[in-house]
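So the structure is just underneath, and the comments pick up after that.
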Amino acid sequence: MIRSRDAGSLRAADAGATVTLAGWVARRRDHGGVIFVDLRDGSGVAQVVFREEVPAAHALRNEFCVAVTGEVRRRPEGNDNPELPTGQIEVIAASLTVLSESAPLPLPVDDHVEAGDDIRLRYRYLDLRRAGPAAALRLRSQANQIARRVLHAHDFVEIETPTLTRSTPEGARDFLVPVRLQPGTWYALPQSPQLFKQLLMVGGMERYYQLARCYRDEDSRADRQPEFTQLDVEMSFVGEDDVMALGEEIVGALWRDLAGHEIPSPLPRITWHEALERYGSDKPDLRFGCELVDLTDYLRGTTFRVFAGAIESGGYVGAVVMPGGAAQSRKELDGWQDWAKARGARGLAYVVLDAETGEARGPVAKNLSAEHLAGLADAAGAKPGDAIFFAADEERRTAQELLGAARLEIGRRTKLIDPDAWMFCWVTDAPMFEKVEGVGAQGDGWTAVHHPFTSPTAEWADRFETAPDQALAYAYDIVCNGNEIGGGSIRIHRGDVQKRVFDLLGISPQEAADKFGFLLEAFTFGPPPHGGIAFGWDRVCMLLTGADSIREVIAFPKTGGGYDPLTGAPTPITGQQRAEAGIDGKPKQAAQAPSAAASAPGPA
RNA sequence: GGUCCUGUGGAGCAGUUGGAGUGCUCGCCGCCCUGUCAAGGCGGAGGUCGCGGGUUCAAGUCCCGUCAGGACCGCCA
């Protein structure tokens, strides 16, 4: 080793020791006759003192990579720096080796300066020399270890699955890879290891996990990248409660060790329908109240057309209260209309309650009857001085989600959200199916909310076809502070049930065989009941580090356009690459699952 | 595909009603400086105001387009 000690590990007890440190010049203070250099390595920072014996120190510049040998000394009286763990000591340099020089920096390596995202990503390796970004990656490493510790304690087996594979049934766009050896054919990068982990259950591995890289070709968000990581888990011979208990154990260990927070056990559970009713979201933020109020019955009979139209068509009118919202200016209240329109709503009706008299005012108030206005505050749970926002739609969920978004915005604007709080819950009993609008000749159909291998609940197993819009699944999401950090389900392991699900989804036996024949075939050989969960590992690490984007916990993230400013990927290819890659080749035969002919789904 | 915000020496920002590339902090270069710790002092270099077009006597500033980054909707568990 070039160094004998880590700079950040030095303490007063080390005084008198001769050490060799190696690291970077974080900062220098050149006084002419004496030069102080903050030497930074992976462990921290220590002050090195250069005097006339080491004149080369004058030439040091920021981020030069150096090795220094010298004696650790207690700092002179009054010169301690209580800000630094190493602030009681300094190293008196006897010799200096410049291991490599640094060009002038394109961005400051300085914890006090926040550079723009593009320049940080372009020079991510310099960004990572800063304490914050470095700590984020180190925390992620610890999170990985904690998860592995918990899972290995339960005899889980870490297994890698292919990334050059077939399309998986998650429903997003695939990234495709051309195959040179079979021109005209393509691998898909996995959107998750879903099918492989189920095959591993058929294979008797019983308990599988993997920190799996997943790929989805959809637009980025602060919490979405085209490639991301899941902690993927699957278990055999279990029910929902078993999977959720394990999930809680993992989350509990993470937050205990990395956030110093003890989560309640068991975590609260809320059904998917209740989450929408109360919070207007399938990933409710429980850090504050302001729950939605269903006013459909209360306002029945109103002549206000916006509400009456929704009610008469069997829809929903609801409200959310903004505490103190009556104090908003007309401009602010108009701003809510723009806010609502920006998310595709026609507007956001509101009533403000006079802070003194409680009288309801605002454009909507004129349209409501005296009786409806008189009881409105009580019905909505509002006080004088509050504002009440309404949403009405013939689709219950549409109106509720608008109110849910308004609720979050209220929480932010009125600072009702405690930034230090951790509020977890499970959202259970998700619907199995969601209606899809008919395309062309096809009428309306159904699509799987989770994926087509998700098991109906026992209650619905025999009759989900009778009311697909109401059928419930053994599917569960774990939510933290309004972020979905994981989700899973119990899978279908019976061929007859799987066939009925495909029938409802409009997937023909031929199509099922083409896409998933290998899985269906596997399920003819005694598949165990099984289920699992996958955590959005980037999001988990983002929350644990307090970052507001998963980019902060990814070593080399991409920009919103899928561009990597560091490597310049993606790039065009040469004509030769194109020819070799087989992109333009014609496949010899239509790609089929190997078992397509043998295993049209039938009773297992 | 859509909406919004941002783009000004290497970094982060300010730039008023349209009136000279003006300013601040840091960095960079040179000189000085023996106890600093986001050291200090003096001097200096460094600019296609993202790019293109338009309005105007005059554009960093107003308008249109475009590119890049960010946030969001659609999309995506």
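By order of appearance in the structure tokens: chains A, B, ..., then residues from 1 within every chain, and ligands from 1 in the order shown.
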What are the residues of chain A lining chain B at 9 Å or less? Count only C-alpha atoms (C1' of nucleotides), and put the answer as a PyMOL selection string.
chain A and resi 27-38+47+51+76+79+81+104-108+110+112-118+170-173+216-222+224+342-344+449-450+477+484+486-487+559-560
Fewer than 5 positions away in the same chain doesn't count, so skip those; otherwise give me all residues within 12 Å of Leu137 in chain A, counting only C-alpha atoms (C1' of nucleotides), as a ChimeraX atom specification.
/A:127-132,142-144,538,541-542,544-545,547,550-556
Take the residues that were just selected and, keeping N, CA and C atoms, output them as a JSON list (two decimals), in the first residue's frame.
[["chain", "number", "residue", "atom", "x", "y", "z"],
["A", 127, "ASP", "N", -17.63, 14.82, -9.37],
["A", 127, "ASP", "CA", -18.79, 15.00, -8.49],
["A", 127, "ASP", "C", -18.71, 14.02, -7.33],
["A", 128, "LEU", "N", -18.27, 12.79, -7.63],
["A", 128, "LEU", "CA", -18.24, 11.75, -6.60],
["A", 128, "LEU", "C", -17.13, 11.96, -5.58],
["A", 129, "ARG", "N", -16.19, 12.89, -5.88],
["A", 129, "ARG", "CA", -15.19, 13.20, -4.85],
["A", 129, "ARG", "C", -15.78, 14.04, -3.72],
["A", 130, "ARG", "N", -16.99, 14.56, -3.96],
["A", 130, "ARG", "CA", -17.61, 15.38, -2.92],
["A", 130, "ARG", "C", -18.27, 14.48, -1.89],
["A", 131, "ALA", "N", -18.40, 15.02, -0.66],
["A", 131, "ALA", "CA", -18.86, 14.18, 0.45],
["A", 131, "ALA", "C", -20.27, 13.65, 0.23],
["A", 132, "GLY", "N", -21.18, 14.51, -0.23],
["A", 132, "GLY", "CA", -22.58, 14.09, -0.37],
["A", 132, "GLY", "C", -22.76, 12.96, -1.37],
["A", 142, "GLN", "N", -24.23, -0.16, 1.66],
["A", 142, "GLN", "CA", -24.66, -0.71, 2.94],
["A", 142, "GLN", "C", -26.06, -1.30, 2.85],
["A", 143, "ALA", "N", -26.93, -0.61, 2.12],
["A", 143, "ALA", "CA", -28.30, -1.10, 1.96],
["A", 143, "ALA", "C", -28.27, -2.48, 1.30],
["A", 144, "ASN", "N", -27.44, -2.63, 0.30],
["A", 144, "ASN", "CA", -27.31, -3.93, -0.36],
["A", 144, "ASN", "C", -26.93, -5.01, 0.65],
["A", 538, "ASP", "N", -33.55, 1.77, -6.27],
["A", 538, "ASP", "CA", -33.08, 3.15, -6.39],
["A", 538, "ASP", "C", -33.93, 4.08, -5.53],
["A", 541, "CYS", "N", -33.11, 3.63, -1.83],
["A", 541, "CYS", "CA", -31.85, 4.30, -1.47],
["A", 541, "CYS", "C", -32.00, 5.81, -1.53],
["A", 542, "MET", "N", -32.80, 6.29, -2.47],
["A", 542, "MET", "CA", -33.07, 7.72, -2.55],
["A", 542, "MET", "C", -33.70, 8.23, -1.25],
["A", 544, "LEU", "N", -33.60, 6.81, 1.71],
["A", 544, "LEU", "CA", -32.68, 6.67, 2.84],
["A", 544, "LEU", "C", -31.61, 7.76, 2.84],
["A", 545, "THR", "N", -31.24, 8.25, 1.66],
["A", 545, "THR", "CA", -30.24, 9.30, 1.62],
["A", 545, "THR", "C", -30.86, 10.69, 1.67],
["A", 547, "ALA", "N", -32.33, 12.11, -0.75],
["A", 547, "ALA", "CA", -32.21, 12.75, -2.06],
["A", 547, "ALA", "C", -33.59, 12.95, -2.67],
["A", 550, "ILE", "N", -33.54, 9.73, -7.95],
["A", 550, "ILE", "CA", -32.76, 8.49, -7.89],
["A", 550, "ILE", "C", -31.41, 8.66, -8.58],
["A", 551, "ARG", "N", -31.26, 9.73, -9.36],
["A", 551, "ARG", "CA", -29.95, 9.96, -9.97],
["A", 551, "ARG", "C", -28.85, 10.06, -8.93],
["A", 552, "GLU", "N", -29.22, 10.56, -7.73],
["A", 552, "GLU", "CA", -28.22, 10.75, -6.67],
["A", 552, "GLU", "C", -27.69, 9.44, -6.13],
["A", 553, "VAL", "N", -28.41, 8.35, -6.31],
["A", 553, "VAL", "CA", -27.95, 7.07, -5.76],
["A", 553, "VAL", "C", -27.55, 6.10, -6.87],
["A", 554, "ILE", "N", -27.36, 6.62, -8.07],
["A", 554, "ILE", "CA", -26.88, 5.83, -9.19],
["A", 554, "ILE", "C", -25.51, 6.37, -9.58],
["A", 555, "ALA", "N", -24.54, 5.46, -9.75],
["A", 555, "ALA", "CA", -23.17, 5.92, -9.96],
["A", 555, "ALA", "C", -23.07, 6.77, -11.23],
["A", 556, "PHE", "N", -23.63, 6.27, -12.31],
["A", 556, "PHE", "CA", -23.54, 6.98, -13.58],
["A", 556, "PHE", "C", -24.91, 7.07, -14.23]]
Give me the residues near range 314-324 of chain A as a count of residues only, where near means some atom within 7 Å (using only C-alpha atoms (C1' of nucleotides)) and where sequence neighbours in that chain fewer than 5 positions away do not count.
26
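When CA of Gly532 in chain A is paired with CA of Gln470 in chain A, their separation reads 23.1 Å.
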Each range 4-25 of chain B residue no farther than 9 Å from range 53-65 of chain B, nearest pair in Å, only C-alpha atoms (C1' of nucleotides), as JSON lines:
{"residue": "B:U8", "atom": "C1'", "partner": "B:G60", "partner_atom": "C1'", "distance": 6.6}
{"residue": "B:G15", "atom": "C1'", "partner": "B:G60", "partner_atom": "C1'", "distance": 8.3}
{"residue": "B:G18", "atom": "C1'", "partner": "B:A59", "partner_atom": "C1'", "distance": 6.4}
{"residue": "B:G19", "atom": "C1'", "partner": "B:A58", "partner_atom": "C1'", "distance": 6.7}
{"residue": "B:G21", "atom": "C1'", "partner": "B:G60", "partner_atom": "C1'", "distance": 8.9}
Would you export the selected residues with N, CA and C atoms (P, O5', C5', C4', C3', O3' and C1' of nucleotides) as a compact mmCIF listing (two decimals), in the first residue's frame, please?
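Output saved as again01.txt:
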# COMPACT_ATOMS: atom_id res chain seq x y z
P U B 8 -25.79 30.06 -18.64
O5' U B 8 -25.81 31.60 -19.02
C5' U B 8 -25.40 32.03 -20.30
C4' U B 8 -24.75 33.38 -20.20
C3' U B 8 -23.59 33.47 -19.22
O3' U B 8 -22.39 33.01 -19.80
C1' U B 8 -25.07 35.27 -18.84
P G B 15 -32.20 39.49 -11.21
O5' G B 15 -31.46 40.51 -12.21
C5' G B 15 -31.31 41.87 -11.85
C4' G B 15 -30.44 42.57 -12.84
C3' G B 15 -30.98 42.65 -14.27
O3' G B 15 -31.96 43.65 -14.43
C1' G B 15 -28.71 42.00 -14.33
P G B 18 -39.16 46.79 -21.05
O5' G B 18 -37.71 46.98 -21.65
C5' G B 18 -36.62 46.18 -21.22
C4' G B 18 -35.40 46.58 -21.98
C3' G B 18 -35.01 48.03 -21.82
O3' G B 18 -33.60 48.14 -21.96
C1' G B 18 -35.41 47.60 -24.07
P G B 19 -32.71 48.77 -20.79
O5' G B 19 -31.59 49.59 -21.55
C5' G B 19 -30.66 48.92 -22.39
C4' G B 19 -29.68 49.90 -22.98
C3' G B 19 -29.06 50.87 -21.98
O3' G B 19 -27.75 51.20 -22.43
C1' G B 19 -30.28 52.09 -23.59
P G B 21 -23.21 46.32 -25.58
O5' G B 21 -22.66 45.25 -24.56
C5' G B 21 -21.31 45.26 -24.20
C4' G B 21 -21.18 44.91 -22.75
C3' G B 21 -19.74 44.95 -22.28
O3' G B 21 -19.68 45.48 -20.97
C1' G B 21 -20.65 42.77 -21.94
As a PDB file with C-alpha atoms, in the first residue's frame, please: the residues near Ala461 in chain A (cut-off 10 Å, only C-alpha atoms (C1' of nucleotides), same-chain neighbours under 3 positions excluded).
ATOM      1  CA  SER A 455     -53.524 -14.538  -8.577  1.00  0.00           C
ATOM      2  CA  PRO A 456     -57.091 -13.513  -7.821  1.00  0.00           C
ATOM      3  CA  THR A 457     -58.011 -13.588  -4.156  1.00  0.00           C
ATOM      4  CA  ALA A 458     -59.664 -16.767  -2.909  1.00  0.00           C
ATOM      5  CA  PHE A 464     -63.507 -12.936 -11.502  1.00  0.00           C
ATOM      6  CA  GLU A 465     -65.063 -13.059 -14.964  1.00  0.00           C
ATOM      7  CA  ALA A 471     -62.226  -8.590  -8.914  1.00  0.00           C
ATOM      8  CA  LEU A 472     -59.377  -8.350  -6.431  1.00  0.00           C
ATOM      9  CA  ALA A 473     -55.892  -9.782  -6.585  1.00  0.00           C
ATOM     10  CA  ILE A 492     -51.275 -18.093 -10.338  1.00  0.00           C
ATOM     11  CA  VAL A 497     -57.032 -20.244 -13.546  1.00  0.00           C
ATOM     12  CA  ARG A 500     -59.340 -18.055 -17.622  1.00  0.00           C
ATOM     13  CA  VAL A 501     -57.255 -14.943 -16.941  1.00  0.00           C
TER      14      VAL A 501
END
What are the DSSP strand (DSSP E) residues of range 188-358 of chain A, as a short mmCIF file (atom, residue, chain, number, x, y, z; two decimals) with all heavy atoms, in the first residue's frame?
data_model
loop_
_atom_site.label_atom_id
_atom_site.label_comp_id
_atom_site.auth_asym_id
_atom_site.auth_seq_id
_atom_site.Cartn_x
_atom_site.Cartn_y
_atom_site.Cartn_z
N ALA A 188 -34.83 -9.05 -26.00
CA ALA A 188 -35.33 -7.91 -25.24
C ALA A 188 -34.57 -7.89 -23.92
O ALA A 188 -34.25 -8.95 -23.37
CB ALA A 188 -36.83 -8.06 -24.99
N ARG A 207 -36.53 -20.20 -2.42
CA ARG A 207 -36.35 -18.82 -1.94
C ARG A 207 -35.25 -18.18 -2.76
O ARG A 207 -34.08 -18.50 -2.62
CB ARG A 207 -35.99 -18.80 -0.45
CG ARG A 207 -37.14 -19.25 0.39
CD ARG A 207 -36.82 -19.35 1.86
NE ARG A 207 -38.08 -19.60 2.57
CZ ARG A 207 -38.53 -18.84 3.55
NH1 ARG A 207 -37.82 -17.82 3.98
NH2 ARG A 207 -39.69 -19.12 4.12
N TYR A 208 -35.66 -17.25 -3.60
CA TYR A 208 -34.72 -16.61 -4.53
C TYR A 208 -34.68 -15.11 -4.28
O TYR A 208 -35.69 -14.50 -3.92
CB TYR A 208 -35.19 -16.84 -5.98
CG TYR A 208 -35.00 -15.66 -6.92
CD1 TYR A 208 -33.83 -15.53 -7.68
CD2 TYR A 208 -35.97 -14.67 -7.04
CE1 TYR A 208 -33.66 -14.45 -8.54
CE2 TYR A 208 -35.80 -13.59 -7.89
CZ TYR A 208 -34.65 -13.48 -8.63
OH TYR A 208 -34.47 -12.41 -9.47
N TYR A 209 -33.51 -14.52 -4.45
CA TYR A 209 -33.48 -13.06 -4.54
C TYR A 209 -32.35 -12.65 -5.47
O TYR A 209 -31.44 -13.43 -5.80
CB TYR A 209 -33.31 -12.39 -3.18
CG TYR A 209 -31.88 -12.33 -2.69
CD1 TYR A 209 -31.09 -11.20 -2.94
CD2 TYR A 209 -31.31 -13.38 -2.01
CE1 TYR A 209 -29.78 -11.13 -2.50
CE2 TYR A 209 -30.00 -13.33 -1.56
CZ TYR A 209 -29.23 -12.19 -1.82
OH TYR A 209 -27.94 -12.14 -1.38
N GLN A 210 -32.41 -11.38 -5.89
CA GLN A 210 -31.40 -10.86 -6.78
C GLN A 210 -31.51 -9.33 -6.77
O GLN A 210 -32.60 -8.79 -6.74
CB GLN A 210 -31.66 -11.37 -8.21
CG GLN A 210 -30.71 -10.82 -9.24
CD GLN A 210 -31.03 -11.32 -10.66
OE1 GLN A 210 -30.20 -11.26 -11.52
NE2 GLN A 210 -32.23 -11.81 -10.88
N LEU A 211 -30.36 -8.69 -6.76
CA LEU A 211 -30.36 -7.24 -7.04
C LEU A 211 -30.28 -7.14 -8.56
O LEU A 211 -29.20 -7.25 -9.14
CB LEU A 211 -29.17 -6.56 -6.36
CG LEU A 211 -29.41 -6.27 -4.87
CD1 LEU A 211 -28.11 -6.03 -4.15
CD2 LEU A 211 -30.35 -5.08 -4.71
N ALA A 212 -31.42 -6.98 -9.17
CA ALA A 212 -31.54 -7.19 -10.61
C ALA A 212 -31.65 -5.87 -11.35
O ALA A 212 -32.44 -5.00 -10.98
CB ALA A 212 -32.79 -8.03 -10.90
N ARG A 213 -30.83 -5.74 -12.39
CA ARG A 213 -30.96 -4.58 -13.25
C ARG A 213 -32.13 -4.80 -14.21
O ARG A 213 -32.27 -5.88 -14.80
CB ARG A 213 -29.66 -4.38 -14.03
CG ARG A 213 -29.57 -3.06 -14.76
CD ARG A 213 -29.69 -1.88 -13.82
NE ARG A 213 -28.63 -1.75 -12.84
CZ ARG A 213 -27.44 -1.22 -13.11
NH1 ARG A 213 -27.16 -0.79 -14.29
NH2 ARG A 213 -26.55 -1.12 -12.16
N CYS A 214 -32.97 -3.80 -14.33
CA CYS A 214 -34.17 -3.89 -15.15
C CYS A 214 -34.17 -2.74 -16.15
O CYS A 214 -33.58 -1.68 -15.90
CB CYS A 214 -35.43 -3.80 -14.30
SG CYS A 214 -35.47 -4.98 -12.94
N TYR A 215 -34.88 -2.94 -17.25
CA TYR A 215 -34.82 -1.97 -18.35
C TYR A 215 -36.22 -1.69 -18.87
O TYR A 215 -36.95 -2.62 -19.23
CB TYR A 215 -33.96 -2.53 -19.48
CG TYR A 215 -32.59 -2.94 -19.03
CD1 TYR A 215 -32.37 -4.22 -18.51
CD2 TYR A 215 -31.51 -2.07 -19.09
CE1 TYR A 215 -31.13 -4.62 -18.07
CE2 TYR A 215 -30.26 -2.45 -18.66
CZ TYR A 215 -30.07 -3.72 -18.15
OH TYR A 215 -28.83 -4.12 -17.71
N GLU A 227 -32.72 2.42 -17.07
CA GLU A 227 -32.25 1.21 -16.41
C GLU A 227 -32.22 1.47 -14.92
O GLU A 227 -31.81 2.52 -14.47
CB GLU A 227 -30.90 0.72 -16.93
CG GLU A 227 -29.73 1.62 -16.74
CD GLU A 227 -28.46 0.99 -17.30
OE1 GLU A 227 -28.13 -0.12 -16.89
OE2 GLU A 227 -27.81 1.63 -18.14
N PHE A 228 -32.71 0.52 -14.17
CA PHE A 228 -32.85 0.71 -12.74
C PHE A 228 -32.70 -0.65 -12.06
O PHE A 228 -32.53 -1.67 -12.73
CB PHE A 228 -34.21 1.34 -12.41
CG PHE A 228 -35.38 0.50 -12.82
CD1 PHE A 228 -36.04 -0.29 -11.89
CD2 PHE A 228 -35.82 0.49 -14.13
CE1 PHE A 228 -37.12 -1.08 -12.27
CE2 PHE A 228 -36.89 -0.30 -14.52
CZ PHE A 228 -37.55 -1.08 -13.58
N THR A 229 -32.72 -0.63 -10.75
CA THR A 229 -32.44 -1.85 -10.00
C THR A 229 -33.60 -2.21 -9.10
O THR A 229 -34.18 -1.35 -8.46
CB THR A 229 -31.17 -1.66 -9.15
OG1 THR A 229 -30.09 -1.30 -10.01
CG2 THR A 229 -30.82 -2.93 -8.40
N GLN A 230 -33.93 -3.50 -9.11
CA GLN A 230 -34.91 -4.03 -8.18
C GLN A 230 -34.24 -5.00 -7.24
O GLN A 230 -33.39 -5.78 -7.68
CB GLN A 230 -36.01 -4.80 -8.92
CG GLN A 230 -36.99 -3.95 -9.67
CD GLN A 230 -38.09 -4.79 -10.32
OE1 GLN A 230 -38.01 -6.01 -10.41
NE2 GLN A 230 -39.14 -4.11 -10.76
N LEU A 231 -34.63 -4.95 -5.96
CA LEU A 231 -34.34 -6.09 -5.10
C LEU A 231 -35.50 -7.06 -5.32
O LEU A 231 -36.62 -6.82 -4.86
CB LEU A 231 -34.24 -5.69 -3.63
CG LEU A 231 -34.08 -6.88 -2.67
CD1 LEU A 231 -32.80 -7.64 -2.94
CD2 LEU A 231 -34.14 -6.42 -1.23
N ASP A 232 -35.24 -8.12 -6.05
CA ASP A 232 -36.28 -9.00 -6.54
C ASP A 232 -36.30 -10.25 -5.68
O ASP A 232 -35.25 -10.86 -5.45
CB ASP A 232 -35.97 -9.35 -8.01
CG ASP A 232 -37.14 -9.98 -8.70
OD1 ASP A 232 -38.26 -9.46 -8.52
OD2 ASP A 232 -36.95 -10.97 -9.42
N VAL A 233 -37.48 -10.61 -5.20
CA VAL A 233 -37.60 -11.72 -4.24
C VAL A 233 -38.76 -12.61 -4.65
O VAL A 233 -39.81 -12.10 -5.08
CB VAL A 233 -37.86 -11.15 -2.81
CG1 VAL A 233 -38.14 -12.28 -1.83
CG2 VAL A 233 -36.68 -10.31 -2.34
N GLU A 234 -38.59 -13.89 -4.54
CA GLU A 234 -39.70 -14.82 -4.80
C GLU A 234 -39.59 -15.99 -3.83
O GLU A 234 -38.49 -16.44 -3.51
CB GLU A 234 -39.66 -15.31 -6.24
CG GLU A 234 -40.93 -16.01 -6.71
CD GLU A 234 -42.06 -15.04 -7.09
OE1 GLU A 234 -41.83 -13.81 -7.05
OE2 GLU A 234 -43.16 -15.50 -7.43
N MET A 235 -40.75 -16.45 -3.35
CA MET A 235 -40.79 -17.51 -2.35
C MET A 235 -41.86 -18.54 -2.72
O MET A 235 -42.90 -18.16 -3.24
CB MET A 235 -41.15 -16.94 -0.97
CG MET A 235 -40.38 -15.71 -0.57
SD MET A 235 -41.17 -14.78 0.77
CE MET A 235 -40.84 -15.82 2.16
N SER A 236 -41.58 -19.78 -2.40
CA SER A 236 -42.57 -20.84 -2.64
C SER A 236 -43.29 -21.19 -1.34
O SER A 236 -42.76 -20.99 -0.24
CB SER A 236 -41.89 -22.10 -3.18
OG SER A 236 -41.39 -21.87 -4.46
N ARG A 269 -52.02 -1.55 7.11
CA ARG A 269 -52.46 -1.96 5.78
C ARG A 269 -53.70 -1.18 5.43
O ARG A 269 -54.55 -0.91 6.27
CB ARG A 269 -52.79 -3.46 5.75
CG ARG A 269 -51.59 -4.32 5.98
CD ARG A 269 -51.94 -5.77 5.76
NE ARG A 269 -50.83 -6.63 6.20
CZ ARG A 269 -50.83 -7.95 6.04
NH1 ARG A 269 -51.87 -8.54 5.50
NH2 ARG A 269 -49.79 -8.65 6.45
N ILE A 270 -53.79 -0.84 4.17
CA ILE A 270 -54.96 -0.13 3.69
C ILE A 270 -55.29 -0.74 2.34
O ILE A 270 -54.39 -1.10 1.59
CB ILE A 270 -54.65 1.39 3.60
CG1 ILE A 270 -55.84 2.17 3.05
CG2 ILE A 270 -53.42 1.67 2.77
CD1 ILE A 270 -55.63 3.68 3.16
N THR A 271 -56.56 -0.95 2.10
CA THR A 271 -56.89 -1.56 0.82
C THR A 271 -56.74 -0.51 -0.29
O THR A 271 -56.81 0.70 -0.05
CB THR A 271 -58.34 -2.09 0.77
OG1 THR A 271 -59.24 -0.99 0.82
CG2 THR A 271 -58.60 -3.05 1.92
N VAL A 293 -63.17 13.81 1.00
CA VAL A 293 -64.52 13.61 1.48
C VAL A 293 -65.42 13.33 0.28
O VAL A 293 -65.40 14.08 -0.70
CB VAL A 293 -65.03 14.86 2.24
CG1 VAL A 293 -66.39 14.57 2.84
CG2 VAL A 293 -64.03 15.28 3.29
N ASP A 294 -66.18 12.26 0.39
CA ASP A 294 -67.13 11.92 -0.67
C ASP A 294 -68.41 12.72 -0.45
O ASP A 294 -69.09 12.55 0.56
CB ASP A 294 -67.42 10.41 -0.62
CG ASP A 294 -68.32 9.96 -1.75
OD1 ASP A 294 -68.96 10.83 -2.39
OD2 ASP A 294 -68.40 8.75 -2.00
N TYR A 316 -69.01 10.66 -9.29
CA TYR A 316 -68.53 10.99 -7.95
C TYR A 316 -68.28 12.49 -7.86
O TYR A 316 -67.77 13.11 -8.81
CB TYR A 316 -67.23 10.23 -7.72
CG TYR A 316 -66.39 10.62 -6.52
CD1 TYR A 316 -66.51 9.94 -5.31
CD2 TYR A 316 -65.46 11.65 -6.60
CE1 TYR A 316 -65.71 10.26 -4.23
CE2 TYR A 316 -64.66 11.99 -5.52
CZ TYR A 316 -64.78 11.29 -4.32
OH TYR A 316 -63.99 11.62 -3.27
N VAL A 317 -68.67 13.05 -6.73
CA VAL A 317 -68.24 14.41 -6.40
C VAL A 317 -67.57 14.34 -5.05
O VAL A 317 -68.12 13.77 -4.10
CB VAL A 317 -69.43 15.40 -6.33
CG1 VAL A 317 -68.91 16.80 -6.02
CG2 VAL A 317 -70.20 15.40 -7.62
N GLY A 318 -66.39 14.88 -4.94
CA GLY A 318 -65.68 14.83 -3.68
C GLY A 318 -64.96 16.13 -3.43
O GLY A 318 -64.98 17.04 -4.28
N ALA A 319 -64.39 16.22 -2.26
CA ALA A 319 -63.73 17.47 -1.88
C ALA A 319 -62.51 17.18 -1.03
O ALA A 319 -62.37 16.10 -0.44
CB ALA A 319 -64.69 18.37 -1.11
N VAL A 320 -61.61 18.15 -1.02
CA VAL A 320 -60.48 18.11 -0.11
C VAL A 320 -60.34 19.52 0.46
O VAL A 320 -60.56 20.51 -0.24
CB VAL A 320 -59.19 17.63 -0.81
CG1 VAL A 320 -58.77 18.55 -1.94
CG2 VAL A 320 -58.06 17.47 0.19
N VAL A 321 -60.03 19.58 1.75
CA VAL A 321 -60.02 20.87 2.44
C VAL A 321 -58.60 21.38 2.55
O VAL A 321 -57.68 20.63 2.91
CB VAL A 321 -60.63 20.74 3.84
CG1 VAL A 321 -60.48 22.03 4.64
CG2 VAL A 321 -62.10 20.34 3.73
N MET A 322 -58.40 22.66 2.24
CA MET A 322 -57.10 23.31 2.44
C MET A 322 -57.21 24.20 3.67
O MET A 322 -57.85 25.25 3.64
CB MET A 322 -56.75 24.15 1.23
CG MET A 322 -55.41 24.87 1.37
SD MET A 322 -54.99 25.73 -0.16
CE MET A 322 -53.35 26.33 0.23
N ALA A 349 -63.04 23.24 -8.91
CA ALA A 349 -64.03 24.11 -8.28
C ALA A 349 -63.66 24.33 -6.82
O ALA A 349 -63.08 23.45 -6.18
CB ALA A 349 -65.41 23.46 -8.37
N TYR A 350 -63.96 25.51 -6.30
CA TYR A 350 -63.63 25.75 -4.90
C TYR A 350 -64.64 26.66 -4.25
O TYR A 350 -65.35 27.42 -4.91
CB TYR A 350 -62.23 26.35 -4.75
CG TYR A 350 -62.10 27.74 -5.35
CD1 TYR A 350 -62.41 28.88 -4.59
CD2 TYR A 350 -61.66 27.92 -6.65
CE1 TYR A 350 -62.29 30.15 -5.13
CE2 TYR A 350 -61.55 29.18 -7.20
CZ TYR A 350 -61.87 30.30 -6.44
OH TYR A 350 -61.76 31.54 -6.99
N VAL A 351 -64.69 26.55 -2.93
CA VAL A 351 -65.47 27.45 -2.09
C VAL A 351 -64.55 27.87 -0.96
O VAL A 351 -63.81 27.03 -0.43
CB VAL A 351 -66.71 26.72 -1.52
CG1 VAL A 351 -67.26 27.45 -0.32
CG2 VAL A 351 -67.77 26.57 -2.60
N VAL A 352 -64.53 29.14 -0.62
CA VAL A 352 -63.76 29.57 0.55
C VAL A 352 -64.72 29.95 1.66
O VAL A 352 -65.80 30.50 1.41
CB VAL A 352 -62.82 30.76 0.24
CG1 VAL A 352 -61.75 30.34 -0.77
CG2 VAL A 352 -63.59 31.96 -0.27
N LEU A 353 -64.32 29.61 2.88
CA LEU A 353 -65.17 29.91 4.04
C LEU A 353 -64.59 31.12 4.76
O LEU A 353 -63.44 31.09 5.21
CB LEU A 353 -65.21 28.71 4.99
CG LEU A 353 -65.73 27.40 4.38
CD1 LEU A 353 -65.70 26.29 5.41
CD2 LEU A 353 -67.14 27.59 3.83
#
